[in-house]
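Containing compact mmCIF, C-alpha atoms: model-v2.txt.
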# COMPACT_ATOMS: atom_id res chain seq x y z
CA MET A 1 -19.73 -20.61 0.95
CA LYS A 2 -19.99 -17.09 2.31
CA PRO A 3 -16.84 -16.20 4.31
CA LYS A 4 -17.47 -15.79 8.02
CA ALA A 5 -14.72 -13.18 8.51
CA MET A 6 -11.87 -11.38 6.75
CA VAL A 7 -8.18 -10.80 7.45
CA VAL A 8 -6.42 -7.93 5.67
CA THR A 9 -2.64 -7.73 5.84
CA ASP A 10 0.09 -5.53 4.47
CA LEU A 11 2.70 -7.40 2.44
CA ASP A 12 6.32 -6.21 2.82
CA GLY A 13 7.49 -6.24 6.42
CA THR A 14 4.20 -7.69 7.65
CA LEU A 15 3.16 -10.89 5.90
CA PHE A 16 6.59 -11.11 4.31
CA GLN A 17 9.83 -11.03 6.28
CA ARG A 18 12.44 -8.33 5.82
CA ASP A 19 14.09 -10.41 3.06
CA ARG A 20 10.74 -10.39 1.17
CA ARG A 21 10.05 -14.03 1.82
CA ILE A 22 7.21 -15.55 3.78
CA SER A 23 7.94 -17.65 6.85
CA ALA A 24 6.70 -21.23 6.94
CA ARG A 25 4.47 -20.30 9.87
CA ASN A 26 2.84 -17.37 8.05
CA TYR A 27 2.25 -19.52 4.98
CA GLN A 28 0.58 -22.19 7.08
CA THR A 29 -1.58 -19.56 8.74
CA LEU A 30 -2.93 -18.53 5.33
CA LEU A 31 -3.84 -22.14 4.62
CA ASP A 32 -5.49 -22.48 8.03
CA LEU A 33 -7.57 -19.34 7.42
CA GLU A 34 -8.96 -20.86 4.23
CA GLN A 35 -9.91 -24.02 6.12
CA GLY A 36 -11.66 -21.85 8.70
CA GLY A 37 -13.76 -20.06 6.07
CA ILE A 38 -11.93 -16.75 6.57
CA LEU A 39 -11.21 -14.51 3.59
CA ARG A 40 -7.56 -13.55 3.04
CA VAL A 41 -6.67 -10.14 1.58
CA ILE A 42 -3.26 -8.62 0.92
CA ALA A 43 -3.26 -4.80 0.84
CA THR A 44 0.02 -3.46 -0.53
CA GLY A 45 1.48 -0.26 -1.89
CA ARG A 46 3.13 -2.26 -4.67
CA SER A 47 1.79 -2.01 -8.20
CA LEU A 48 0.31 -5.14 -9.74
CA PHE A 49 3.49 -5.57 -11.80
CA SER A 50 5.67 -5.34 -8.68
CA ALA A 51 3.40 -7.57 -6.58
CA ARG A 52 3.50 -10.31 -9.18
CA LYS A 53 7.28 -10.44 -8.79
CA VAL A 54 6.91 -11.77 -5.25
CA VAL A 55 3.36 -13.18 -5.08
CA PRO A 56 2.89 -16.20 -7.39
CA ALA A 57 -0.47 -16.92 -9.02
CA ASP A 58 -1.03 -19.94 -6.75
CA PHE A 59 -0.31 -18.00 -3.53
CA PRO A 60 -2.97 -18.81 -0.88
CA VAL A 61 -4.86 -15.50 -0.76
CA ASP A 62 -8.26 -14.50 -2.12
CA TYR A 63 -7.75 -10.84 -3.06
CA LEU A 64 -4.83 -8.54 -3.74
CA VAL A 65 -5.41 -4.85 -3.06
CA PHE A 66 -2.53 -3.13 -4.87
CA SER A 67 -1.23 0.42 -5.33
CA SER A 68 -2.64 1.27 -1.88
CA GLY A 69 -6.20 0.57 -3.00
CA ALA A 70 -6.19 1.89 -6.57
CA GLY A 71 -6.78 -1.66 -7.82
CA ILE A 72 -8.23 -4.97 -6.64
CA MET A 73 -7.44 -8.39 -8.10
CA ALA A 74 -9.44 -11.53 -7.38
CA TRP A 75 -6.25 -13.50 -6.97
CA PRO A 76 -7.08 -17.16 -7.69
CA ARG A 77 -8.70 -16.29 -11.03
CA GLN A 78 -6.33 -13.36 -11.75
CA GLU A 79 -9.22 -11.01 -12.52
CA LEU A 80 -9.07 -7.24 -12.12
CA VAL A 81 -12.32 -6.38 -10.34
CA PHE A 82 -11.73 -2.70 -9.55
CA SER A 83 -9.46 0.16 -10.56
CA ALA A 84 -9.48 3.91 -10.02
CA SER A 85 -7.56 6.81 -11.55
CA MET A 86 -6.98 10.49 -10.88
CA ASN A 87 -8.68 12.61 -13.56
CA ARG A 88 -6.84 15.21 -15.62
CA GLU A 89 -7.74 18.09 -13.30
CA GLN A 90 -6.59 16.22 -10.20
CA VAL A 91 -3.32 15.25 -11.89
CA ALA A 92 -2.72 18.85 -12.94
CA MET A 93 -3.31 20.21 -9.42
CA ALA A 94 -0.98 17.65 -7.85
CA PHE A 95 1.64 18.25 -10.54
CA GLU A 96 1.57 22.02 -9.96
CA CYS A 97 1.88 21.59 -6.19
CA LEU A 98 4.89 19.26 -6.37
CA SER A 99 6.58 21.33 -9.08
CA ARG A 100 6.21 24.55 -7.12
CA LEU A 101 7.79 22.87 -4.07
CA SER A 102 10.70 21.60 -6.22
CA MET A 103 9.96 17.98 -5.31
CA ASP A 104 11.37 14.93 -7.06
CA PHE A 105 8.36 12.94 -8.22
CA MET A 106 6.79 10.44 -10.61
CA VAL A 107 3.45 10.40 -12.42
CA HIS A 108 2.21 6.84 -12.92
CA HIS A 109 0.11 5.67 -15.85
CA PRO A 110 -3.39 4.34 -15.14
CA ILE A 111 -3.92 0.69 -14.17
CA PRO A 112 -2.96 -1.87 -15.47
CA GLU A 113 0.12 -0.05 -16.84
CA ASN A 114 0.86 1.88 -13.65
CA HIS A 115 4.39 0.49 -13.39
CA HIS A 116 5.16 2.93 -16.23
CA PHE A 117 5.80 6.50 -15.14
CA LEU A 118 7.11 9.93 -16.05
CA PHE A 119 9.73 11.24 -13.64
CA TYR A 120 10.61 14.81 -12.75
CA ALA A 121 13.91 15.59 -11.02
CA SER A 122 14.55 18.85 -9.19
CA GLY A 123 18.32 18.62 -9.63
CA GLY A 124 19.25 18.10 -5.99
CA ALA A 125 20.77 14.98 -4.42
CA ASN A 126 18.14 12.32 -3.87
CA PRO A 127 19.63 8.79 -3.90
CA ASP A 128 16.33 7.00 -3.27
CA PHE A 129 14.60 8.81 -6.15
CA GLU A 130 17.51 7.98 -8.42
CA ALA A 131 17.47 4.36 -7.25
CA ARG A 132 13.78 3.99 -8.08
CA CYS A 133 14.26 5.49 -11.53
CA SER A 134 17.16 3.10 -12.10
CA LEU A 135 15.28 0.05 -10.78
CA TYR A 136 12.40 0.67 -13.20
CA ARG A 137 14.44 2.29 -15.96
CA GLU A 138 12.74 0.29 -18.71
CA PHE A 139 9.41 1.77 -17.61
CA ALA A 140 10.63 5.27 -16.66
CA THR A 141 10.46 8.26 -19.00
CA PRO A 142 11.82 11.72 -18.15
CA GLY A 143 9.16 14.42 -18.10
CA ARG A 144 9.47 18.15 -18.71
CA ARG A 145 8.71 20.17 -15.61
CA ARG A 146 6.92 22.90 -17.54
CA GLU A 147 4.65 20.47 -19.35
CA LYS A 148 1.76 19.04 -17.34
CA PRO A 149 0.75 15.44 -18.07
CA SER A 150 -2.23 15.50 -20.41
CA GLY A 151 -4.23 12.52 -19.19
CA GLU A 152 -5.33 10.48 -16.20
CA ALA A 153 -2.90 8.85 -13.75
CA CYS A 154 -3.04 6.15 -11.13
CA GLN A 155 -1.00 8.23 -8.69
CA LEU A 156 1.86 10.65 -8.15
CA VAL A 157 4.79 9.66 -5.95
CA ALA A 158 7.10 12.30 -4.47
CA ILE A 159 10.29 11.12 -2.77
CA GLU A 160 11.95 13.08 0.03
CA PRO A 161 15.57 12.12 0.79
CA TYR A 162 16.22 10.78 4.27
CA HIS A 163 18.60 13.65 5.08
CA LEU A 164 15.81 16.23 4.65
CA ALA A 165 15.09 17.46 8.17
CA VAL A 166 11.53 18.74 7.64
CA SER A 167 8.97 16.92 5.51
CA ARG A 168 6.65 18.78 3.13
CA TYR A 169 3.96 16.19 3.82
CA PRO A 170 1.77 18.49 5.99
CA ASP A 171 1.93 21.27 3.38
CA ILE A 172 1.08 18.94 0.50
CA ARG A 173 -1.70 17.21 2.47
CA ASP A 174 -3.27 20.56 3.35
CA GLU A 175 -3.02 22.02 -0.15
CA LEU A 176 -4.34 18.85 -1.78
CA HIS A 177 -6.95 18.19 0.89
CA HIS A 178 -9.46 17.08 -1.76
CA LEU A 179 -7.14 14.20 -2.70
CA ASN A 180 -5.72 11.33 -0.66
CA VAL A 181 -2.10 12.07 0.28
CA VAL A 182 -0.36 9.12 1.95
CA ARG A 183 3.12 9.01 3.48
CA THR A 184 5.14 5.84 3.75
CA THR A 185 8.70 4.75 4.37
CA SER A 186 10.72 3.93 1.26
CA PRO A 187 10.79 0.18 0.58
CA LEU A 188 14.16 0.72 -1.11
CA ASP A 189 16.43 2.38 1.46
CA GLY A 190 14.08 2.09 4.47
CA ARG A 191 14.73 5.73 5.42
CA SER A 192 13.50 8.14 2.77
CA ARG A 193 9.87 9.33 2.74
CA TRP A 194 7.47 8.64 -0.09
CA LEU A 195 4.44 10.91 -0.42
CA GLU A 196 1.83 9.24 -2.61
CA ILE A 197 -1.13 11.12 -4.05
CA PHE A 198 -4.31 9.33 -5.15
CA SER A 199 -7.87 10.15 -6.06
CA PRO A 200 -10.02 10.71 -2.95
CA GLN A 201 -11.78 7.34 -3.19
CA VAL A 202 -8.52 5.37 -3.12
CA SER A 203 -7.11 3.85 0.07
CA LYS A 204 -6.43 0.44 1.53
CA ALA A 205 -9.47 0.89 3.76
CA THR A 206 -11.92 1.79 0.98
CA ALA A 207 -10.76 -1.17 -1.12
CA SER A 208 -11.19 -3.50 1.87
CA ILE A 209 -14.64 -2.08 2.54
CA ARG A 210 -15.57 -2.73 -1.08
CA ILE A 211 -14.55 -6.39 -0.77
CA ALA A 212 -16.30 -6.88 2.58
CA ARG A 213 -19.58 -5.36 1.38
CA GLU A 214 -19.51 -7.34 -1.86
CA LEU A 215 -19.22 -10.58 0.13
CA GLY A 216 -21.52 -9.61 2.99
CA ILE A 217 -18.83 -9.55 5.67
CA THR A 218 -19.62 -7.24 8.58
CA GLU A 219 -17.03 -4.76 9.84
CA GLN A 220 -17.07 -6.51 13.23
CA ALA A 221 -15.62 -9.59 11.51
CA VAL A 222 -12.59 -7.87 9.97
CA MET A 223 -9.02 -7.92 11.31
CA ALA A 224 -6.09 -5.92 9.88
CA VAL A 225 -2.31 -6.09 10.30
CA GLY A 226 0.15 -3.42 9.13
CA ASN A 227 3.56 -1.91 9.68
CA ASP A 228 3.75 1.60 8.21
CA TYR A 229 1.97 4.92 7.78
CA ASN A 230 0.24 3.88 4.56
CA ASP A 231 -1.62 1.25 6.61
CA LEU A 232 -3.08 3.85 8.96
CA ASP A 233 -6.49 4.23 7.30
CA LEU A 234 -6.87 0.45 7.19
CA LEU A 235 -5.84 0.03 10.83
CA GLN A 236 -8.26 2.76 11.91
CA TRP A 237 -11.15 1.22 9.99
CA ALA A 238 -10.83 -2.41 11.08
CA VAL A 239 -12.53 -3.24 14.37
CA ARG A 240 -9.45 -5.25 15.45
CA SER A 241 -6.04 -4.09 14.28
CA PHE A 242 -2.43 -5.00 15.04
CA VAL A 243 0.98 -3.67 14.05
CA VAL A 244 4.17 -5.68 13.86
CA SER A 245 7.04 -5.04 16.22
CA ASP A 246 9.28 -2.92 13.96
CA SER A 247 6.57 -0.43 12.98
CA PRO A 248 7.12 3.34 13.46
CA GLN A 249 6.75 4.52 17.04
CA GLU A 250 3.62 6.51 16.20
CA LEU A 251 1.82 3.31 15.17
CA LEU A 252 3.21 1.27 18.06
CA ALA A 253 1.70 3.83 20.43
CA ARG A 254 -1.76 3.61 18.84
CA PHE A 255 -2.31 -0.08 18.08
CA PRO A 256 -1.68 -3.42 19.80
CA THR A 257 1.73 -4.81 18.89
CA VAL A 258 2.56 -8.43 18.08
CA ARG A 259 6.03 -9.95 18.36
CA SER A 260 7.36 -13.38 17.44
CA ALA A 261 10.79 -14.96 17.50
CA ASP A 262 10.63 -16.21 13.89
CA GLU A 263 9.42 -13.07 12.04
CA SER A 264 5.88 -14.44 12.05
CA ASP A 265 4.17 -11.47 13.70
CA PHE A 266 1.28 -11.87 11.24
CA SER A 267 0.57 -15.37 12.56
CA GLN A 268 0.76 -14.12 16.12
CA ALA A 269 -1.86 -11.46 15.38
CA VAL A 270 -4.17 -13.93 13.67
CA ALA A 271 -3.90 -16.35 16.59
CA VAL A 272 -4.86 -13.64 19.11
CA TRP A 273 -7.79 -12.48 16.99
CA ARG A 274 -9.15 -15.98 16.33
CA ARG A 275 -9.11 -16.76 20.05
CA GLU A 276 -11.00 -13.53 20.74
CA MET A 277 -13.52 -14.20 17.97
CA GLU A 278 -13.71 -17.95 18.71
CA LEU A 279 -13.07 -18.69 15.03

What's the structure tokens form of this structure?
Amino acid sequence: MKPKAMVVTDLDGTLFQRDRRISARNYQTLLDLEQGGILRVIATGRSLFSARKVVPADFPVDYLVFSSGAGIMAWPRQELVFSASMNREQVAMAFECLSRLSMDFMVHHPIPENHHFLFYASGGANPDFEARCSLYREFATPGRRREKPSGEACQLVAIEPYHLAVSRYPDIRDELHHLNVVRTTSPLDGRSRWLEIFSPQVSKATASIRIARELGITEQAVMAVGNDYNDLDLLQWAVRSFVVSDSPQELLARFPTVRSADESDFSQAVAVWRREMEL
């Protein structure tokens, strides 16, 4: 049957609780959406490798948008249906920009191996950068700052330490205006800033649009829930959007906020939307 509507949700801190588990209420809501003929999509910044650590193959969703839209998996059948990479020229331009600004950053291999990366350290103190390199040490290879990567990449990730007073995000966004530069809060320490650089056609919104058009779902029948800056394009695109209660103040000021006593803000948002849509 053709789905009558679509719900797109961020994963960590939105569908999942702060301890990276899903509440019983949120899980039941996913099951109820299926019974109601509503498509369920997770849109996460995690790579496919990282997402699979917390989302089992039998998890009740229909699609996983991973790496902020660089890839799409049809989840029940575990099929990669879309992937995008930065070409060599785009990688080189982003590499030169981050190197010139003395950023600490990673260059990720193309999908499906994008949990592998080269890392480039500036030499300054950056605990979150060091923690990420350590967490994925079996997939991390040191790069030489004077040697540009020679091939395509899924993305580049620059990490700014939390103690840095002024972010270089506006400068990088303006210089690399032909690419998609996304800021987000570190999922590791919850304070540092990650600046992720993708090809221009990659975002959570464009991936969601691709799914909706493929299945004939109109934009008026799409709802989105998020909690951080990397959800912004998705929240702006969806006709009805919500943010959870511990989102950054900038998002709380722009989008309706949902709150629940049991860390089930996602379920609260879905309930409001379904009443409005009479679904």

So which residues touch region 190-206 of chain A within 7 Å, counting all atoms listed in the file, skipping near sequence neighbours fewer than 6 positions away, as number ranges by chain? A: 43, 68-70, 85-86, 128, 154-162, 169, 178-184, 233-234, 237

Residues at most 10 Å from Trp75 (chain A), counting only C-alpha atoms, excluding those fewer than 4 positions away in the same chain, as a PyMOL selection string? chain A and resi 41-42+55-65+79-81

A:Val107, A:Leu235, A:Ala271, A:Ala94: which is nearest Gly143 (chain A), counting all atoms listed in the file?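 Among the listed residues, the smallest separation from Gly143 (chain A) belongs to A:Val107.
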
Using all atoms listed in the file, which residues sit within 12 Å of region 117-122 of chain A once same-chain residues fewer than 3 positions away are excluded, as a PDB file with C-alpha atoms, in the frame of the given file?
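Okay, result.pdb is ready:
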ATOM      1  CA  SER A  47       1.790  -2.010  -8.200  1.00  0.00           C
ATOM      2  CA  PHE A  95       1.640  18.250 -10.540  1.00  0.00           C
ATOM      3  CA  GLU A  96       1.570  22.020  -9.960  1.00  0.00           C
ATOM      4  CA  LEU A  98       4.890  19.260  -6.370  1.00  0.00           C
ATOM      5  CA  SER A  99       6.580  21.330  -9.080  1.00  0.00           C
ATOM      6  CA  ARG A 100       6.210  24.550  -7.120  1.00  0.00           C
ATOM      7  CA  LEU A 101       7.790  22.870  -4.070  1.00  0.00           C
ATOM      8  CA  SER A 102      10.700  21.600  -6.220  1.00  0.00           C
ATOM      9  CA  MET A 103       9.960  17.980  -5.310  1.00  0.00           C
ATOM     10  CA  ASP A 104      11.370  14.930  -7.060  1.00  0.00           C
ATOM     11  CA  PHE A 105       8.360  12.940  -8.220  1.00  0.00           C
ATOM     12  CA  MET A 106       6.790  10.440 -10.610  1.00  0.00           C
ATOM     13  CA  VAL A 107       3.450  10.400 -12.420  1.00  0.00           C
ATOM     14  CA  HIS A 108       2.210   6.840 -12.920  1.00  0.00           C
ATOM     15  CA  HIS A 109       0.110   5.670 -15.850  1.00  0.00           C
ATOM     16  CA  PRO A 110      -3.390   4.340 -15.140  1.00  0.00           C
ATOM     17  CA  ILE A 111      -3.920   0.690 -14.170  1.00  0.00           C
ATOM     18  CA  GLU A 113       0.120  -0.050 -16.840  1.00  0.00           C
ATOM     19  CA  ASN A 114       0.860   1.880 -13.650  1.00  0.00           C
ATOM     20  CA  ALA A 125      20.770  14.980  -4.420  1.00  0.00           C
ATOM     21  CA  ASN A 126      18.140  12.320  -3.870  1.00  0.00           C
ATOM     22  CA  PRO A 127      19.630   8.790  -3.900  1.00  0.00           C
ATOM     23  CA  ASP A 128      16.330   7.000  -3.270  1.00  0.00           C
ATOM     24  CA  PHE A 129      14.600   8.810  -6.150  1.00  0.00           C
ATOM     25  CA  GLU A 130      17.510   7.980  -8.420  1.00  0.00           C
ATOM     26  CA  ARG A 132      13.780   3.990  -8.080  1.00  0.00           C
ATOM     27  CA  CYS A 133      14.260   5.490 -11.530  1.00  0.00           C
ATOM     28  CA  SER A 134      17.160   3.100 -12.100  1.00  0.00           C
ATOM     29  CA  TYR A 136      12.400   0.670 -13.200  1.00  0.00           C
ATOM     30  CA  ARG A 137      14.440   2.290 -15.960  1.00  0.00           C
ATOM     31  CA  GLU A 138      12.740   0.290 -18.710  1.00  0.00           C
ATOM     32  CA  PHE A 139       9.410   1.770 -17.610  1.00  0.00           C
ATOM     33  CA  ALA A 140      10.630   5.270 -16.660  1.00  0.00           C
ATOM     34  CA  THR A 141      10.460   8.260 -19.000  1.00  0.00           C
ATOM     35  CA  PRO A 142      11.820  11.720 -18.150  1.00  0.00           C
ATOM     36  CA  GLY A 143       9.160  14.420 -18.100  1.00  0.00           C
ATOM     37  CA  ARG A 144       9.470  18.150 -18.710  1.00  0.00           C
ATOM     38  CA  ARG A 145       8.710  20.170 -15.610  1.00  0.00           C
ATOM     39  CA  ARG A 146       6.920  22.900 -17.540  1.00  0.00           C
ATOM     40  CA  GLU A 147       4.650  20.470 -19.350  1.00  0.00           C
ATOM     41  CA  LYS A 148       1.760  19.040 -17.340  1.00  0.00           C
ATOM     42  CA  PRO A 149       0.750  15.440 -18.070  1.00  0.00           C
ATOM     43  CA  SER A 150      -2.230  15.500 -20.410  1.00  0.00           C
ATOM     44  CA  GLU A 152      -5.330  10.480 -16.200  1.00  0.00           C
ATOM     45  CA  ALA A 153      -2.900   8.850 -13.750  1.00  0.00           C
ATOM     46  CA  CYS A 154      -3.040   6.150 -11.130  1.00  0.00           C
ATOM     47  CA  GLN A 155      -1.000   8.230  -8.690  1.00  0.00           C
ATOM     48  CA  LEU A 156       1.860  10.650  -8.150  1.00  0.00           C
ATOM     49  CA  VAL A 157       4.790   9.660  -5.950  1.00  0.00           C
ATOM     50  CA  ALA A 158       7.100  12.300  -4.470  1.00  0.00           C
ATOM     51  CA  ILE A 159      10.290  11.120  -2.770  1.00  0.00           C
ATOM     52  CA  GLU A 160      11.950  13.080   0.030  1.00  0.00           C
TER      53      GLU A 160
END

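In this model, the gap between CA of Ala51 (chain A) and CA of Gly13 (chain A) comes to 13.7 Å.
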
CA of Ser260 (chain A) and CA of Met223 (chain A) are how many Å apart?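 Here the two named atoms are 18.3 Å from each other.
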
From A:Arg46, A:Thr9, A:Val166, A:Asn26, residue lying nearest Gln268 (chain A) [only C-alpha atoms]: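 Counting only C-alpha atoms, the residue closest to Gln268 (chain A) is A:Asn26.
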
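Going from CA of Leu39 (chain A) to CA of Met6 (chain A) covers 4.5 Å.
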
So which one's closest to Glu214 (chain A), A:Glu34, A:Asp12, A:Phe82, A:Gly123? Using all atoms listed in the file, please. A:Phe82

From the options A:Ala5, A:Ile172, A:Met93, A:Leu188, which residue's atoms come nearest to Arg20 (chain A), counting all atoms listed in the file?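 Nearest candidate to Arg20 (chain A) out of A:Ala5, A:Ile172, A:Met93, A:Leu188: A:Leu188.
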
My list of candidates is A:Leu215, A:Ala221, A:Ile72, A:Ala84. Which is closest to Glu276 (chain A) when distances are computed with all atoms listed in the file?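 Under the stated criterion, the closest residue is A:Ala221.
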
Nearby residues (all atoms listed in the file) at most 6 Å from region 244-250 of chain A, same-chain spacing under 4 positions excluded, as an MDAnalysis selection string: chainID A and resid 227:228 257:259 265

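Using all atoms listed in the file, the nearest neighbour of Gln220 (chain A) within the list A:Leu251, A:Leu33, A:Met1, A:Val7 is A:Val7.
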